[in-house]
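Novice: Mind having a look at this structure? Questions to follow.
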Amino acid sequence: MKEYVEVFRKELSSFDEATRDFYTGKLSKQEYKGISGGFGSYSERGGQRGMIRLRMTAGRVTQDKLAFVVETAERLHVDTIKLTTCETIQLHHLTGRQILEVATQALDHGIVCRGGGGDHPRNVMVPPLSGVAPGETFDVVPYAEAVGDYLLSILEEIKMPRKLKVAFSNHPSNVTHATMRDLGFIAREDGTFDVYSAGGIGPNPKKGVCVATQVPGNEILYYVRAMVDTFIEHGNYQQRAKARTRYMQETLGVDGYRNAYLEKLDAVKAKGGLDLHVVSQPVTKSGRGELSGKRIIPQKQQGLYAVSYHPLGGTPSPATLRKLLDVIQGLEAVEIRLAPEGTMYIINCTAEEAERVLEATDDGAQTLFEHSVACIGASICQQGVRDSQALYHACVDAVRKAGLADGALPQIHISGCPSSCGSHQVGVIGFHGGVKVVDKVAQPAFTLHVNGCDRLGQERFGDSWGVMLENRIPDFLVALGKKVSETGKSFMDWYPDHLEEMHTLAEEYMA
């Protein structure tokens, strides 16, 4: 890791120059985006401030990394922090000078921003409780970290048509959507991996193609390199909208794509040099005490617990993160894991430690519905069409006022545009932002998606049911929750047999 960190550090001078030129008006928004994205930074709506994305490989946030985030937020008076669906942390509303300062100092803490945006390999994802969850196949974190290091080490030598997202899964819940990513590794009970590639959940979503089964863990870097080489040769460099890996399924056909990938794989294996030897780091901490509760998850390590914390909208306050840091700093083996839905898991806690973590994080989601996912939204994101954060909070407020029981509504997914940064296509209920013209006037609106699923073997993308004006969505969800509550069932038990009834209700609120 040290080698590429030093390379990235030297490159910051060019980023510094571009940032100064943009914020003094010498570079256009589009010119700057082409440069800044490669350093994990984008200007925000209005162009006066920007954000920076802190890669957290495998979603791991050590105590030192959390301290950096908290102390940086306090020093720079950061008021908006976002936990992303790719298990990274974004700091918002920064000046150009602050962005460079964060990018530079982050490297001293093992946090890389390089490649956090643009046409680069992105943060490698794993299920947040990998290594501590009962019922998992095996711990995939060491493999993900090795892949993350490898992709960063080759970042300077490759030029892909678009970004590349890699994910691991070690449980049927498939929370990282690994079978729907550009490259996904599914852990098997026998200690090997099934490999899926050329999937994606943005516009024109596709499940990945299964290109190999029972792959030994020491071979996975060959599969990563084969993915990169296949994308470079067969990806679309002319049409950016068609440049993601999933479009290779269309241009080559599924069988043609699989053959092209396997051809690259054979070539990479013939060259050699990518054998992987991971060293697992089992949790050796001794647990003591017993604890149960809504946000408490017993680990497979006897006597140890994970605490879940879902900041509303996936935007934790710096003050809460400070309280959390003060609690866990110095505690043996305690670290944070980020989840794709914007939840933080504080793992390896004793019962007494977990109780203190609970107290420090008492401002988060209290119900399944409040655990809903929303991207940062159009009030900040230049690509966004609608303010997904505003819709999320309006819906939470409406549901709270209605007094709906926990479980009457599911976790929903809200994206500010079709790009699916809120994973709206895999949610049971999802929305993506747009516009609806009513009486010749453009109105804020969202398209409703229903019945998506990311569970292994049951993957499907939600069906689009139509467009709903933004101000009607909270009322629709309250009406739906009341209808479910009348049956005495939870939404997840009710909806599979009542999709037609749900559709009829939704039509009453459609534009």
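A note on labels: chains of the structure tokens are A, B, ... as shown, every chain counts residues from 1, and ligands are counted from 1 in their shown order.
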Skipping near chain neighbours, those fewer than 5 positions away, what residues fall within 8 Å of stretch 281-285 of chain A using only C-alpha atoms, listed as a list in words?

Specialist: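 The neighbour list is Gly131, Gln301, Glu332, Ala333 and Asn348 of chain A.
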
Novice: Extract, using only C-alpha atoms, all DNA, RNA and protein residues at most 9 Å from A:Ile158, discarding same-chain residues fewer than 4 positions from it, and format them as a list in words.

Specialist: His120, Ile154, Val228, Asp229 and Ile232 of chain A

Novice: Residues of the last selection are to be written out with all heavy atoms, as a PDB file, in the first residue's frame.

Specialist:
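Writing the result to out.pdb gives the following:
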```
ATOM      1  N   HIS A 120     -12.729   4.923 -12.722  1.00  0.00           N
ATOM      2  CA  HIS A 120     -11.741   4.179 -11.939  1.00  0.00           C
ATOM      3  C   HIS A 120     -12.410   3.063 -11.138  1.00  0.00           C
ATOM      4  O   HIS A 120     -13.621   3.084 -10.924  1.00  0.00           O
ATOM      5  CB  HIS A 120     -11.019   5.125 -10.977  1.00  0.00           C
ATOM      6  CG  HIS A 120     -10.285   6.231 -11.656  1.00  0.00           C
ATOM      7  ND1 HIS A 120      -9.129   6.028 -12.362  1.00  0.00           N
ATOM      8  CD2 HIS A 120     -10.551   7.564 -11.754  1.00  0.00           C
ATOM      9  CE1 HIS A 120      -8.692   7.174 -12.854  1.00  0.00           C
ATOM     10  NE2 HIS A 120      -9.553   8.123 -12.507  1.00  0.00           N
ATOM     11  N   ILE A 154      -2.892  -0.662  -9.559  1.00  0.00           N
ATOM     12  CA  ILE A 154      -2.861  -0.611 -11.021  1.00  0.00           C
ATOM     13  C   ILE A 154      -3.629   0.585 -11.573  1.00  0.00           C
ATOM     14  O   ILE A 154      -3.751   0.741 -12.789  1.00  0.00           O
ATOM     15  CB  ILE A 154      -3.413  -1.907 -11.651  1.00  0.00           C
ATOM     16  CG1 ILE A 154      -4.915  -2.078 -11.350  1.00  0.00           C
ATOM     17  CG2 ILE A 154      -2.630  -3.125 -11.189  1.00  0.00           C
ATOM     18  CD1 ILE A 154      -5.572  -3.213 -12.123  1.00  0.00           C
ATOM     19  N   VAL A 228     -10.915  -6.308 -15.643  1.00  0.00           N
ATOM     20  CA  VAL A 228     -10.357  -5.034 -16.108  1.00  0.00           C
ATOM     21  C   VAL A 228      -9.978  -5.126 -17.586  1.00  0.00           C
ATOM     22  O   VAL A 228     -10.318  -4.249 -18.394  1.00  0.00           O
ATOM     23  CB  VAL A 228      -9.125  -4.643 -15.261  1.00  0.00           C
ATOM     24  CG1 VAL A 228      -8.395  -3.455 -15.881  1.00  0.00           C
ATOM     25  CG2 VAL A 228      -9.540  -4.316 -13.828  1.00  0.00           C
ATOM     26  N   ASP A 229      -9.283  -6.197 -17.957  1.00  0.00           N
ATOM     27  CA  ASP A 229      -8.819  -6.333 -19.343  1.00  0.00           C
ATOM     28  C   ASP A 229      -9.988  -6.513 -20.319  1.00  0.00           C
ATOM     29  O   ASP A 229      -9.954  -5.981 -21.442  1.00  0.00           O
ATOM     30  CB  ASP A 229      -7.862  -7.532 -19.457  1.00  0.00           C
ATOM     31  CG  ASP A 229      -6.533  -7.266 -18.760  1.00  0.00           C
ATOM     32  OD1 ASP A 229      -6.287  -6.110 -18.376  1.00  0.00           O
ATOM     33  OD2 ASP A 229      -5.755  -8.228 -18.597  1.00  0.00           O
ATOM     34  N   ILE A 232     -11.578  -3.068 -20.774  1.00  0.00           N
ATOM     35  CA  ILE A 232     -10.749  -2.192 -21.593  1.00  0.00           C
ATOM     36  C   ILE A 232     -10.876  -2.544 -23.080  1.00  0.00           C
ATOM     37  O   ILE A 232     -10.956  -1.660 -23.937  1.00  0.00           O
ATOM     38  CB  ILE A 232      -9.278  -2.270 -21.136  1.00  0.00           C
ATOM     39  CG1 ILE A 232      -9.125  -1.562 -19.777  1.00  0.00           C
ATOM     40  CG2 ILE A 232      -8.338  -1.655 -22.167  1.00  0.00           C
ATOM     41  CD1 ILE A 232      -7.758  -1.708 -19.147  1.00  0.00           C
TER      42      ILE A 232
END
```

Novice: Report the residues of stretch 241-442 of chain A whose backbone DSSP state falls under strand (DSSP E), written as a PyMOL selection string.

Specialist: chain A and resi 296-298+305-309+335-338+344-349+373-374+412-415+429-438+441-442

Novice: Which of these, A:Pro298, A:Gly118, A:Gly434, A:Gly200, has the shortest distance to A:Val385 once you count only C-alpha atoms?

Specialist: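 Comparing A:Pro298, A:Gly118, A:Gly434, A:Gly200 against A:Val385, the winner is A:Gly434.
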
Novice: With only C-alpha atoms as the atoms that count, which of A:Ala378, A:Ile429, A:Ala178, A:Ile296 lies nearest to A:Arg356?

Specialist: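 Of A:Ala378, A:Ile429, A:Ala178, A:Ile296, the one nearest A:Arg356 is A:Ile296, counting only C-alpha atoms.
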
Novice: So the first atom is atom CA of A:Asp497 and the second is atom CA of A:Val484; what is the distance between them in Å, to one decimal place?

Specialist: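 Calculated distance between atom CA of A:Asp497 and atom CA of A:Val484 is 11.8 Å.
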